[in-house]
$ cat my_file-v8.txt   # compact mmCIF, C-alpha atoms and all ligand atoms
# COMPACT_ATOMS: atom_id res chain seq x y z
CA MET A 1169 138.25 -110.08 12.35
CA LYS A 1170 141.55 -111.34 13.71
CA PHE A 1171 141.95 -113.48 16.84
CA ARG A 1172 142.86 -110.69 19.28
CA THR A 1173 139.98 -108.49 18.16
CA ARG A 1174 137.49 -111.32 18.53
CA ALA A 1175 138.90 -112.30 21.93
CA ILE A 1176 138.08 -108.80 23.16
CA HIS A 1177 134.77 -108.12 21.42
CA VAL A 1178 132.89 -111.38 20.84
CA GLY A 1179 130.58 -112.03 23.78
CA SER A 1180 131.36 -108.59 25.20
CA GLU A 1181 128.78 -106.68 23.17
CA PRO A 1182 127.40 -103.81 25.31
CA ASP A 1183 123.99 -104.39 26.94
CA ALA A 1184 121.24 -101.77 27.35
CA THR A 1185 123.35 -99.84 29.89
CA GLY A 1186 126.25 -99.47 27.44
CA ALA A 1187 128.69 -101.05 29.94
CA VAL A 1188 131.86 -102.02 28.05
CA ILE A 1189 132.38 -104.97 30.37
CA PRO A 1190 129.42 -107.37 30.63
CA PRO A 1191 127.76 -107.57 34.04
CA ILE A 1192 128.04 -110.64 36.28
CA TYR A 1193 124.66 -112.35 36.66
CA LEU A 1194 124.47 -114.46 39.77
CA ALA A 1195 120.75 -115.27 39.53
CA THR A 1196 120.06 -118.98 39.76
CA THR A 1197 116.52 -118.73 38.37
CA PHE A 1198 114.69 -116.47 35.90
CA ILE A 1199 111.08 -115.21 35.70
CA GLN A 1200 109.25 -116.89 32.79
CA PRO A 1201 106.67 -115.35 30.43
CA GLY A 1202 103.98 -117.90 31.38
CA ALA A 1203 103.46 -121.37 32.81
CA GLY A 1204 105.06 -123.77 30.36
CA GLU A 1205 106.44 -120.88 28.30
CA TRP A 1206 110.16 -120.48 28.43
CA GLY A 1207 112.35 -117.38 28.12
CA THR A 1208 115.98 -117.43 26.95
CA PHE A 1209 117.15 -118.45 30.43
CA ASP A 1210 115.20 -120.41 33.01
CA TYR A 1211 117.58 -121.97 35.56
CA SER A 1212 121.30 -121.32 35.73
CA ARG A 1213 122.38 -124.96 35.53
CA SER A 1214 120.76 -125.01 32.09
CA GLY A 1215 122.24 -121.67 31.07
CA SER A 1216 123.07 -118.21 32.39
CA PRO A 1217 123.78 -114.87 30.67
CA THR A 1218 127.37 -114.61 31.99
CA ARG A 1219 128.23 -118.18 31.05
CA ALA A 1220 126.59 -117.78 27.64
CA ARG A 1221 128.90 -114.85 26.88
CA VAL A 1222 132.09 -116.74 27.64
CA GLU A 1223 130.82 -119.80 25.77
CA LYS A 1224 130.16 -117.58 22.75
CA VAL A 1225 133.72 -116.24 22.59
CA LEU A 1226 135.20 -119.71 23.25
CA ALA A 1227 133.25 -121.24 20.34
CA ASP A 1228 134.34 -118.40 18.11
CA LEU A 1229 138.03 -118.65 18.99
CA GLU A 1230 138.10 -122.44 18.61
CA GLY A 1231 136.22 -122.38 15.29
CA ALA A 1232 133.61 -124.64 16.93
CA ALA A 1233 129.86 -125.02 16.42
CA GLY A 1234 129.43 -124.43 20.13
CA ALA A 1235 131.29 -124.43 23.45
CA LEU A 1236 130.34 -125.38 26.99
CA ALA A 1237 131.90 -124.04 30.19
CA PHE A 1238 132.35 -126.41 33.15
CA SER A 1239 133.30 -126.08 36.80
CA SER A 1240 136.72 -127.69 36.13
CA GLY A 1241 138.75 -129.28 33.39
CA MET A 1242 138.04 -132.73 34.82
CA ALA A 1243 134.29 -132.04 34.74
CA ALA A 1244 134.67 -131.21 31.04
CA THR A 1245 136.67 -134.38 30.28
CA HIS A 1246 134.19 -136.47 32.30
CA CYS A 1247 131.29 -135.04 30.29
CA ALA A 1248 133.05 -136.04 27.05
CA MET A 1249 133.62 -139.56 28.40
CA MET A 1250 129.94 -139.81 29.34
CA LEU A 1251 129.19 -139.89 25.59
CA LEU A 1252 130.52 -143.45 25.70
CA GLU A 1253 128.22 -146.37 26.29
CA ALA A 1254 129.16 -149.21 28.63
CA GLY A 1255 131.61 -151.59 27.00
CA SER A 1256 133.20 -148.98 24.73
CA HIS A 1257 136.95 -148.80 24.21
CA VAL A 1258 139.01 -145.60 24.48
CA ILE A 1259 142.52 -145.10 23.13
CA ALA A 1260 144.45 -142.42 25.03
CA SER A 1261 147.99 -141.16 24.86
CA ASN A 1262 150.36 -142.64 27.44
CA ASP A 1263 151.50 -139.20 28.56
CA ILE A 1264 148.22 -137.59 29.52
CA TYR A 1265 147.40 -135.54 32.60
CA GLY A 1266 147.40 -137.75 35.73
CA GLY A 1267 143.81 -136.81 36.54
CA THR A 1268 142.66 -137.97 33.10
CA TYR A 1269 144.53 -141.24 33.60
CA ARG A 1270 142.70 -141.67 36.94
CA LEU A 1271 139.31 -140.77 35.43
CA LEU A 1272 139.74 -143.36 32.68
CA HIS A 1273 141.15 -146.14 34.86
CA LYS A 1274 139.23 -145.68 38.11
CA ILE A 1275 135.92 -144.03 37.17
CA CYS A 1276 135.12 -144.84 33.51
CA SER A 1277 136.24 -148.43 34.14
CA ARG A 1278 133.25 -148.79 36.51
CA ASN A 1279 131.12 -148.50 33.38
CA GLN A 1280 133.14 -151.27 31.67
CA ILE A 1281 134.96 -148.70 29.54
CA GLU A 1282 138.18 -150.31 28.29
CA VAL A 1283 141.30 -148.14 27.96
CA SER A 1284 144.44 -148.60 25.87
CA LEU A 1285 147.36 -146.23 26.36
CA VAL A 1286 149.59 -145.69 23.35
CA ALA A 1287 152.41 -143.37 22.28
CA ALA A 1288 150.07 -140.97 20.48
CA HIS A 1289 152.82 -139.02 18.74
CA ASP A 1290 153.14 -142.15 16.60
CA SER A 1291 149.81 -142.21 14.69
CA GLU A 1292 150.44 -145.83 13.66
CA SER A 1293 150.25 -146.93 17.28
CA ILE A 1294 146.73 -145.49 17.41
CA ALA A 1295 145.71 -147.30 14.23
CA ASP A 1296 147.12 -150.54 15.66
CA ALA A 1297 145.17 -150.19 18.93
CA ILE A 1298 141.73 -149.85 17.29
CA ARG A 1299 139.24 -152.58 18.21
CA PRO A 1300 135.66 -153.14 16.99
CA ASN A 1301 134.34 -151.34 20.12
CA THR A 1302 136.73 -148.32 19.92
CA LYS A 1303 134.58 -145.19 20.18
CA MET A 1304 137.01 -142.45 21.20
CA VAL A 1305 140.64 -141.41 20.85
CA TRP A 1306 141.73 -138.93 23.52
CA ILE A 1307 145.02 -137.11 23.11
CA GLU A 1308 146.69 -133.94 24.33
CA SER A 1309 147.90 -131.41 21.75
CA ILE A 1310 151.16 -131.39 23.72
CA GLY A 1311 151.58 -134.61 25.71
CA ASN A 1312 152.06 -134.07 29.41
CA PRO A 1313 154.64 -134.22 30.96
CA LEU A 1314 156.83 -135.66 28.16
CA ILE A 1315 155.98 -132.79 25.77
CA THR A 1316 155.24 -135.08 22.82
CA ILE A 1317 153.48 -133.65 19.74
CA PRO A 1318 150.79 -135.78 18.07
CA ASP A 1319 149.97 -135.34 14.39
CA ILE A 1320 146.31 -134.35 14.74
CA PRO A 1321 145.40 -134.40 11.00
CA SER A 1322 146.97 -137.83 10.57
CA ILE A 1323 145.09 -139.18 13.62
CA ALA A 1324 141.85 -137.63 12.35
CA SER A 1325 142.38 -139.40 9.01
CA ILE A 1326 142.31 -142.67 11.01
CA THR A 1327 139.42 -141.88 13.38
CA ARG A 1328 137.01 -140.04 11.04
CA PRO A 1329 136.46 -142.86 8.48
CA ALA A 1330 136.14 -145.36 11.35
CA GLY A 1331 133.41 -143.28 13.05
CA ILE A 1332 135.60 -142.83 16.15
CA LEU A 1333 135.44 -139.52 18.02
CA LEU A 1334 138.72 -137.63 18.31
CA GLY A 1335 138.97 -135.56 21.50
CA VAL A 1336 141.94 -133.24 22.01
CA ASP A 1337 142.82 -131.87 25.42
CA SER A 1338 144.45 -128.64 24.26
CA THR A 1339 145.15 -127.20 27.70
CA PHE A 1340 148.85 -126.67 26.81
CA VAL A 1341 148.13 -125.08 23.42
CA PRO A 1342 145.43 -122.40 23.41
CA PRO A 1343 143.47 -121.40 20.31
CA SER A 1344 145.70 -118.39 19.64
CA ILE A 1345 148.34 -120.99 18.62
CA LEU A 1346 146.43 -124.07 17.48
CA ARG A 1347 142.78 -124.91 16.84
CA PRO A 1348 142.38 -128.72 16.84
CA ILE A 1349 138.94 -128.62 15.20
CA GLU A 1350 140.52 -127.02 12.11
CA LEU A 1351 142.96 -129.94 12.09
CA GLY A 1352 140.20 -132.57 12.24
CA ALA A 1353 139.32 -133.04 15.93
CA ASP A 1354 135.68 -133.52 16.95
CA ILE A 1355 135.96 -132.22 20.51
CA VAL A 1356 138.45 -129.77 22.04
CA MET A 1357 138.83 -129.72 25.79
CA HIS A 1358 140.64 -127.18 27.95
CA SER A 1359 141.47 -126.99 31.57
CA ALA A 1360 140.64 -123.27 31.43
CA THR A 1361 142.12 -123.12 34.91
CA LYS A 1362 145.43 -122.82 33.03
CA LEU A 1363 146.22 -120.54 30.08
CA LEU A 1364 142.68 -119.43 29.22
CA GLY A 1365 141.99 -118.03 32.68
CA GLY A 1366 145.68 -117.26 33.07
CA HIS A 1367 145.78 -115.88 36.63
CA SER A 1368 145.43 -118.93 38.94
CA ASP A 1369 142.17 -117.57 40.32
CA CYS A 1370 139.53 -119.48 38.39
CA LEU A 1371 138.95 -123.26 38.21
CA ALA A 1372 137.21 -123.94 34.90
CA GLY A 1373 136.88 -126.37 32.00
CA VAL A 1374 135.75 -126.12 28.39
CA LEU A 1375 134.44 -128.45 25.72
CA ALA A 1376 134.09 -127.13 22.17
CA ALA A 1377 132.40 -129.28 19.53
CA ARG A 1378 132.92 -129.55 15.79
CA ASP A 1379 129.21 -129.75 14.95
CA ARG A 1380 125.90 -128.78 16.46
CA GLU A 1381 124.66 -132.32 16.96
CA LEU A 1382 127.72 -133.23 19.04
CA HIS A 1383 127.46 -129.96 20.97
CA ASP A 1384 123.82 -130.71 21.79
CA ARG A 1385 124.65 -134.21 23.04
CA LEU A 1386 127.36 -132.76 25.29
CA TYR A 1387 125.04 -129.99 26.47
CA TYR A 1388 122.38 -132.54 27.36
CA THR A 1389 124.87 -134.45 29.52
CA GLN A 1390 126.23 -131.28 31.11
CA ASN A 1391 122.76 -130.09 32.05
CA ALA A 1392 121.76 -133.54 33.30
CA THR A 1393 124.85 -133.92 35.48
CA GLY A 1394 125.34 -130.31 36.50
CA ALA A 1395 129.07 -129.44 36.64
CA VAL A 1396 128.57 -125.99 35.10
CA LEU A 1397 130.71 -122.88 35.49
CA GLY A 1398 129.31 -120.31 37.94
CA GLY A 1399 128.74 -116.63 37.17
CA LEU A 1400 131.82 -115.23 38.92
CA GLU A 1401 134.14 -117.77 37.32
CA SER A 1402 132.54 -117.22 33.91
CA PHE A 1403 133.36 -113.53 34.26
CA LEU A 1404 136.96 -114.21 35.34
CA LEU A 1405 137.50 -116.68 32.50
CA HIS A 1406 136.08 -114.21 29.99
CA ARG A 1407 138.40 -111.49 31.28
CA GLY A 1408 141.42 -113.81 31.05
CA ILE A 1409 140.66 -114.69 27.43
CA LYS A 1410 140.98 -111.04 26.40
CA THR A 1411 144.74 -111.07 27.06
CA LEU A 1412 145.32 -114.72 26.14
CA ALA A 1413 147.15 -114.22 22.84
CA LEU A 1414 149.54 -111.62 24.26
CA ARG A 1415 150.30 -113.58 27.42
CA VAL A 1416 150.93 -116.82 25.58
CA ARG A 1417 153.14 -115.22 22.96
CA GLU A 1418 155.34 -113.63 25.60
CA GLN A 1419 155.39 -116.71 27.85
CA SER A 1420 156.27 -118.92 24.85
CA ARG A 1421 159.13 -116.58 23.98
CA SER A 1422 160.50 -116.78 27.53
CA ALA A 1423 160.01 -120.56 27.57
CA LEU A 1424 162.12 -120.94 24.42
CA ARG A 1425 164.92 -118.84 25.92
CA ILE A 1426 164.84 -120.84 29.15
CA ALA A 1427 164.79 -124.16 27.27
CA GLN A 1428 167.82 -123.08 25.22
CA TRP A 1429 169.61 -122.00 28.40
CA LEU A 1430 168.81 -125.30 30.15
CA GLU A 1431 170.06 -127.26 27.15
CA ARG A 1432 173.50 -125.65 27.54
CA HIS A 1433 173.66 -126.24 31.31
CA PRO A 1434 176.28 -128.84 32.39
CA LYS A 1435 173.98 -130.28 35.09
CA VAL A 1436 171.05 -130.85 32.72
CA ARG A 1437 170.83 -134.26 30.98
CA ARG A 1438 167.94 -133.53 28.58
CA VAL A 1439 165.38 -130.85 27.87
CA LEU A 1440 161.94 -131.53 26.38
CA TYR A 1441 160.53 -128.46 24.64
CA PRO A 1442 159.04 -128.50 21.13
CA GLY A 1443 160.73 -125.23 20.16
CA LEU A 1444 164.18 -126.85 20.43
CA ALA A 1445 165.68 -128.28 17.24
CA SER A 1446 166.65 -131.33 19.35
CA HIS A 1447 162.98 -132.17 20.08
CA PRO A 1448 161.99 -135.32 18.12
CA GLN A 1449 158.80 -133.68 16.80
CA HIS A 1450 160.21 -130.17 16.33
CA ALA A 1451 159.33 -130.05 12.61
CA ARG A 1452 155.76 -131.16 13.33
CA ALA A 1453 155.42 -128.60 16.12
CA SER A 1454 156.65 -125.83 13.79
CA LYS A 1455 154.17 -126.92 11.13
CA TYR A 1456 151.15 -126.77 13.43
CA MET A 1457 152.19 -124.18 16.04
CA GLY A 1458 154.29 -121.74 14.01
CA ASP A 1459 156.85 -120.01 16.22
CA GLN A 1460 155.01 -120.37 19.55
CA PHE A 1461 155.73 -123.65 21.28
CA GLY A 1462 153.86 -123.25 24.54
CA THR A 1463 154.77 -122.38 28.07
CA VAL A 1464 155.76 -125.75 29.57
CA ILE A 1465 159.26 -127.27 29.64
CA SER A 1466 160.26 -130.63 31.09
CA PHE A 1467 163.88 -131.48 31.87
CA GLU A 1468 166.07 -133.97 33.70
CA LEU A 1469 169.18 -133.25 35.73
CA THR A 1470 172.36 -135.31 35.59
CA GLY A 1471 172.12 -135.85 39.37
CA ASP A 1472 170.06 -138.33 41.39
CA ILE A 1473 166.45 -138.05 42.55
CA ALA A 1474 167.47 -136.30 45.76
CA GLU A 1475 169.02 -133.61 43.55
CA THR A 1476 165.73 -133.31 41.58
CA LYS A 1477 163.81 -132.77 44.80
CA ARG A 1478 166.40 -130.31 46.09
CA VAL A 1479 166.18 -128.17 42.93
CA CYS A 1480 162.35 -128.19 43.01
CA SER A 1481 162.52 -126.70 46.51
CA ALA A 1482 165.41 -124.31 45.85
CA THR A 1483 163.79 -121.91 43.36
CA GLN A 1484 162.61 -118.55 44.66
CA LEU A 1485 160.48 -117.28 41.77
CA PHE A 1486 159.26 -120.62 40.41
CA GLY A 1487 156.70 -121.70 43.01
CA LEU A 1488 156.66 -125.41 43.90
CA ALA A 1489 153.10 -126.23 42.86
CA VAL A 1490 151.04 -128.21 40.35
CA SER A 1491 149.15 -126.36 37.60
CA LEU A 1492 150.53 -124.25 34.80
CA GLY A 1493 149.74 -121.52 32.32
CA ALA A 1494 149.29 -118.57 34.67
CA VAL A 1495 151.28 -115.35 34.97
CA GLU A 1496 153.48 -116.72 37.77
CA SER A 1497 156.04 -119.42 37.05
CA LEU A 1498 155.79 -122.84 38.70
CA ILE A 1499 158.01 -125.90 39.13
CA GLU A 1500 156.99 -129.45 39.99
CA GLN A 1501 158.07 -133.10 39.95
CA PRO A 1502 155.44 -134.94 37.82
CA ALA A 1503 156.16 -138.41 39.31
CA THR A 1504 155.12 -137.31 42.80
CA MET A 1505 152.80 -134.42 41.94
CA SER A 1506 150.79 -133.95 38.68
CA HIS A 1507 151.21 -137.60 37.64
CA ALA A 1508 151.09 -139.31 41.03
CA SER A 1509 147.73 -140.87 40.01
CA TYR A 1510 149.51 -143.02 37.39
CA ASP A 1511 150.41 -146.46 38.60
CA SER A 1512 154.19 -146.78 38.73
CA THR A 1513 154.37 -149.34 35.89
CA ALA A 1514 152.38 -147.09 33.52
CA ARG A 1515 154.63 -144.19 34.48
CA ALA A 1516 157.75 -146.22 33.77
CA THR A 1517 156.36 -147.54 30.44
CA ALA A 1518 155.56 -144.00 29.32
CA GLY A 1519 159.03 -142.82 30.35
CA ILE A 1520 157.91 -140.41 33.10
CA SER A 1521 161.00 -140.78 35.29
CA ASP A 1522 161.29 -139.72 38.92
CA SER A 1523 164.02 -137.28 37.89
CA LEU A 1524 161.77 -135.34 35.50
CA ILE A 1525 161.07 -131.71 36.45
CA ARG A 1526 158.29 -129.68 34.81
CA LEU A 1527 158.36 -125.90 34.55
CA SER A 1528 155.45 -123.62 33.77
CA VAL A 1529 156.91 -120.39 32.46
CA GLY A 1530 154.99 -117.28 33.51
CA LEU A 1531 155.12 -113.62 32.57
CA GLU A 1532 158.03 -112.55 34.77
CA ASP A 1533 161.15 -111.24 33.04
CA ALA A 1534 162.97 -114.19 31.46
CA ASP A 1535 166.33 -112.92 32.80
CA ASP A 1536 165.03 -113.18 36.36
CA LEU A 1537 163.64 -116.66 35.73
CA ILE A 1538 166.97 -117.86 34.30
CA ALA A 1539 168.83 -116.36 37.27
CA ASP A 1540 166.46 -118.19 39.61
CA LEU A 1541 167.03 -121.56 37.90
CA ASP A 1542 170.76 -120.86 37.85
CA GLN A 1543 170.98 -120.37 41.60
CA ALA A 1544 168.70 -123.38 42.23
CA ILE A 1545 170.54 -125.83 39.97
CA GLY A 1546 174.00 -124.51 40.84
CA SER A 1547 176.84 -124.56 38.37
CA GLN A 1548 179.01 -127.39 39.80
CA PRO A 1549 178.51 -130.60 37.79
N1 LIG B 1601 144.16 -131.58 31.36
C1 LIG B 1601 145.40 -131.12 31.59
C2 LIG B 1601 146.41 -131.22 30.48
C3 LIG B 1601 145.74 -130.56 32.83
O1 LIG B 1601 146.99 -130.13 33.03
C4 LIG B 1601 144.75 -130.51 33.84
C5 LIG B 1601 145.07 -129.95 35.18
O2 LIG B 1601 146.23 -129.80 35.54
C6 LIG B 1601 143.48 -130.99 33.58
C7 LIG B 1601 143.21 -131.51 32.33
C8 LIG B 1601 142.40 -130.94 34.62
O3 LIG B 1601 141.89 -129.66 34.74
P1 LIG B 1601 141.29 -129.06 36.12
O4 LIG B 1601 142.39 -129.09 37.11
O5 LIG B 1601 140.84 -127.70 35.71
O6 LIG B 1601 140.17 -129.96 36.50

$ encode --input "my_file-v8.txt" --output "structure tokens"
Amino acid sequence: MKFRTRAIHVGSEPDATGAVIPPIYLATTFIQPGAGEWGTFDYSRSGSPTRARVEKVLADLEGAAGALAFSSGMAATHCAMMLLEAGSHVIASNDIYGGTYRLLHKICSRNQIEVSLVAAHDSESIADAIRPNTKMVWIESIGNPLITIPDIPSIASITRPAGILLGVDSTFVPPSILRPIELGADIVMHSATKLLGGHSDCLAGVLAARDRELHDRLYYTQNATGAVLGGLESFLLHRGIKTLALRVREQSRSALRIAQWLERHPKVRRVLYPGLASHPQHARASKYMGDQFGTVISFELTGDIAETKRVCSATQLFGLAVSLGAVESLIEQPATMSHASYDSTARATAGISDSLIRLSVGLEDADDLIADLDQAIGSQP
């Protein structure tokens, strides 16, 4: 069956009541057949019927051996990092989510995990950074906020023979567009708070694993540490996934129109969007993502930083907030918001300037969104 059919039916099989929408189980514990005999579910940290349903559809859509649902994206990334033993080395892209940067540099470092940040869209820079103790490469399928596109198969051809795990945070590119495991990744992570949930009402994270053995190691850590997704959120995430492909297609279409409009604007210095022919990795993005380039655009104005801040506060439809991927459009300044956890030198090295603005394009009419940006930016150069 095709993606949209599976998104609606896998994990939503009717139960004994015939309900077309699975019930929400909130039970934290389950009656067992006998002392020391275990039923399918025993305690909801270890597994629950509602979470199992959403994990089933997630594994299916990602082409994974199994998927695990977490209480947030960061909980999912942390669980993946807990695979690493003390003294391991991680290579990560230099434009990753600020929270991931903080996790690696302030939390994993307590366990003597060493981190190298590289420009991951250049696979050679990953090869060059490998050390004898390198155990993981962690990239984003679209780098954030510089909208860089890594070559996942080429990176996998470096990590796989070296026995290094390749983890891909694919929050910006959902499985209706790109499935990193098919391209060679070992672990796919999502902040499901974003496109998968899609409605800004559910904080959630996902890990999907290439093989059963890796899934079971991640499951063991998840159960031992406990950051699982609750019943209500599992239900909301599952509901969001049913409309994922349609939402993302429409939002990507609007994002391309807005990016093209921004590129022509006299007060805009540069626009970063992989659907634009001017994007340095446009050909690569087309190869792996087809004609859907995601819902996030970054751009810089010709004016000073005060002008950047003014525009961020002047939009009426684009809400000034972190996060992305939901039905409502958002605007933010990465340097002071989503990427404030970077130290300023790392931000400068990566090229995340104070004048960068990031847009998350929602499901509103693209004409209205363009009109909103037009009035906020103003036409006088
Ligand atoms: N990865 C990316 C690319 C993100 O944008 C975010 C959140 O903005 C996260 C991970 C963290 O996810 P969460 O906020 O669900 O913990």

$ closest_residue --input "my_file-v8.txt" --among "A:Pro1502, A:Gly1408, A:Gly1487, A:Gly1215" --to "ligand LIG 1601 (chain B)" --atoms "only C-alpha atoms and all ligand atoms"
A:Pro1502

$ residues_around --input "my_file-v8.txt" --residues "Gly1443 of chain A" --least-positions-apart "6" --cutoff "8 Å" --atoms "only C-alpha atoms" --output "list in words"
Leu1424, His1450, Ala1453, Ser1454, Asp1459, Gln1460 and Phe1461 of chain A

$ write_last_selection --input "my_file-v8.txt" --atoms "C-alpha atoms" --output "tab-separated table (two decimals), in the frame of the given file"
chain	number	residue	atom	x	y	z
A	1424	LEU	CA	162.12	-120.94	24.42
A	1450	HIS	CA	160.21	-130.17	16.33
A	1453	ALA	CA	155.42	-128.60	16.12
A	1454	SER	CA	156.65	-125.83	13.79
A	1459	ASP	CA	156.85	-120.01	16.22
A	1460	GLN	CA	155.01	-120.37	19.55
A	1461	PHE	CA	155.73	-123.65	21.28

$ axis_aligned_box --input "my_file-v8.txt" --around "ligand LIG 1601 (chain B)" --padding-each-side "3 Å" --output "AutoDock Vina command-line options"
--center_x 143.6 --center_y -129.6 --center_z 33.8 --size_x 12.8 --size_y 9.9 --size_z 12.6

$ residues_near_point --input "my_file-v8.txt" --point "(167.5, -124.3, 37.9)" --cutoff "12 Å" --atoms "all atoms listed in the file" --output "ChimeraX atom specification"
/A:1426-1427,1429-1431,1433-1436,1466-1469,1475-1486,1498-1500,1525-1527,1536-1547

$ closest_residue --input "my_file-v8.txt" --among "A:Gly1471, A:Gly1266, A:Pro1321, A:Gly1399" --to "ligand LIG 1601 (chain B)" --atoms "all atoms listed in the file"
A:Gly1266

$ residues_near_point --input "my_file-v8.txt" --point "(156.6, -130.2, 14.5)" --cutoff "10 Å" --atoms "only C-alpha atoms" --output "list in words"
Thr1316, Ile1317, Pro1318, Asp1319, Pro1442, Gly1443, Ala1445, His1447, Pro1448, Gln1449, His1450, Ala1451, Arg1452, Ala1453, Ser1454, Lys1455, Tyr1456, Met1457, Gly1458 and Phe1461 of chain A

$ write_last_selection --input "my_file-v8.txt" --atoms "C-alpha atoms" --output "mmCIF file, in the coordinates of the input"
data_model
loop_
_atom_site.group_PDB
_atom_site.id
_atom_site.type_symbol
_atom_site.label_atom_id
_atom_site.label_comp_id
_atom_site.auth_asym_id
_atom_site.auth_seq_id
_atom_site.Cartn_x
_atom_site.Cartn_y
_atom_site.Cartn_z
ATOM 1 C CA THR A 1316 155.240 -135.080 22.820
ATOM 2 C CA ILE A 1317 153.480 -133.650 19.740
ATOM 3 C CA PRO A 1318 150.790 -135.780 18.070
ATOM 4 C CA ASP A 1319 149.970 -135.340 14.390
ATOM 5 C CA PRO A 1442 159.040 -128.500 21.130
ATOM 6 C CA GLY A 1443 160.730 -125.230 20.160
ATOM 7 C CA ALA A 1445 165.680 -128.280 17.240
ATOM 8 C CA HIS A 1447 162.980 -132.170 20.080
ATOM 9 C CA PRO A 1448 161.990 -135.320 18.120
ATOM 10 C CA GLN A 1449 158.800 -133.680 16.800
ATOM 11 C CA HIS A 1450 160.210 -130.170 16.330
ATOM 12 C CA ALA A 1451 159.330 -130.050 12.610
ATOM 13 C CA ARG A 1452 155.760 -131.160 13.330
ATOM 14 C CA ALA A 1453 155.420 -128.600 16.120
ATOM 15 C CA SER A 1454 156.650 -125.830 13.790
ATOM 16 C CA LYS A 1455 154.170 -126.920 11.130
ATOM 17 C CA TYR A 1456 151.150 -126.770 13.430
ATOM 18 C CA MET A 1457 152.190 -124.180 16.040
ATOM 19 C CA GLY A 1458 154.290 -121.740 14.010
ATOM 20 C CA PHE A 1461 155.730 -123.650 21.280
#

$ closest_residue --input "my_file-v8.txt" --among "A:Ser1338, A:Ser1212, A:Ser1509, A:Thr1361" --to "Ser1309 of chain A" --atoms "all atoms listed in the file"
A:Ser1338

$ residues_around --input "my_file-v8.txt" --residues "Pro1300 of chain A" --least-positions-apart "4" --cutoff "10 Å" --atoms "only C-alpha atoms" --output "number ranges by chain"
A: 1256-1257, 1330

$ closest_atom_pairs --input "my_file-v8.txt" --of "chain A" --to "ligand LIG 1601 (chain B)" --cutoff "9 Å" --atoms "only C-alpha atoms and all ligand atoms" --output "CSV"
residue,atom,partner,partner_atom,distance
A:Phe1238,CA,B:LIG1601,O5,9.0
A:Ser1239,CA,B:LIG1601,O5,7.8
A:Ser1240,CA,B:LIG1601,O5,4.1
A:Gly1241,CA,B:LIG1601,O3,3.4
A:Met1242,CA,B:LIG1601,O6,3.9
A:Ala1243,CA,B:LIG1601,O6,6.5
A:Ala1244,CA,B:LIG1601,O6,7.9
A:Thr1245,CA,B:LIG1601,C7,7.4
A:Ile1264,CA,B:LIG1601,C2,6.7
A:Tyr1265,CA,B:LIG1601,C2,4.9
A:Gly1266,CA,B:LIG1601,C3,7.9
A:Gly1267,CA,B:LIG1601,C8,6.3
A:Thr1268,CA,B:LIG1601,C7,6.5
A:Glu1308,CA,B:LIG1601,C2,6.7
A:Ser1309,CA,B:LIG1601,C2,8.9
A:Ile1310,CA,B:LIG1601,C2,8.3
A:Gly1311,CA,B:LIG1601,C2,7.8
A:Asn1312,CA,B:LIG1601,C2,6.4
A:Pro1313,CA,B:LIG1601,C2,8.8
A:Asp1337,CA,B:LIG1601,N1,6.1
A:Ser1338,CA,B:LIG1601,C2,7.0
A:Thr1339,CA,B:LIG1601,C2,5.0
A:Phe1340,CA,B:LIG1601,C2,6.3
A:Met1357,CA,B:LIG1601,N1,7.9
A:His1358,CA,B:LIG1601,N1,6.6
A:Ser1359,CA,B:LIG1601,O3,4.2
A:Ala1360,CA,B:LIG1601,O5,6.2
A:Thr1361,CA,B:LIG1601,O5,4.8
A:Lys1362,CA,B:LIG1601,O5,7.2
A:Cys1370,CA,B:LIG1601,O5,8.7
A:Leu1371,CA,B:LIG1601,O5,5.4
A:Ala1372,CA,B:LIG1601,O5,5.3
A:Gly1373,CA,B:LIG1601,O5,5.6
A:Val1490,CA,B:LIG1601,O2,7.0
A:Ser1491,CA,B:LIG1601,O2,5.0
A:Leu1492,CA,B:LIG1601,O2,7.1
A:Ser1506,CA,B:LIG1601,O2,6.9

$ residues_around --input "my_file-v8.txt" --residues "Gly1394 of chain A" --least-positions-apart "2" --cutoff "10 Å" --atoms "all atoms listed in the file" --output "PyMOL selection string"
chain A and resi 1212-1214+1238-1239+1243+1247+1388-1392+1396-1397

$ write_last_selection --input "my_file-v8.txt" --atoms "C-alpha atoms" --output "tab-separated table (two decimals), in the frame of the given file"
chain	number	residue	atom	x	y	z
A	1212	SER	CA	121.30	-121.32	35.73
A	1213	ARG	CA	122.38	-124.96	35.53
A	1214	SER	CA	120.76	-125.01	32.09
A	1238	PHE	CA	132.35	-126.41	33.15
A	1239	SER	CA	133.30	-126.08	36.80
A	1243	ALA	CA	134.29	-132.04	34.74
A	1247	CYS	CA	131.29	-135.04	30.29
A	1388	TYR	CA	122.38	-132.54	27.36
A	1389	THR	CA	124.87	-134.45	29.52
A	1390	GLN	CA	126.23	-131.28	31.11
A	1391	ASN	CA	122.76	-130.09	32.05
A	1392	ALA	CA	121.76	-133.54	33.30
A	1396	VAL	CA	128.57	-125.99	35.10
A	1397	LEU	CA	130.71	-122.88	35.49

$ atom_distance --input "my_file-v8.txt" --atom1 "atom CA of Arg1347 of chain A" --atom2 "atom CA of Ala1534 of chain A"
27.1 Å

$ atom_distance --input "my_file-v8.txt" --atom1 "atom CA of Arg1328 of chain A" --atom2 "atom CA of Gly1231 of chain A"
18.2 Å

$ atom_distance --input "my_file-v8.txt" --atom1 "atom CA of Asp1535 of chain A" --atom2 "atom CA of Tyr1441 of chain A"
18.5 Å

$ closest_residue --input "my_file-v8.txt" --among "A:Ser1422, A:Ser1368, A:Ser1402, A:Ser1512" --to "Val1222 of chain A" --atoms "only C-alpha atoms"
A:Ser1402
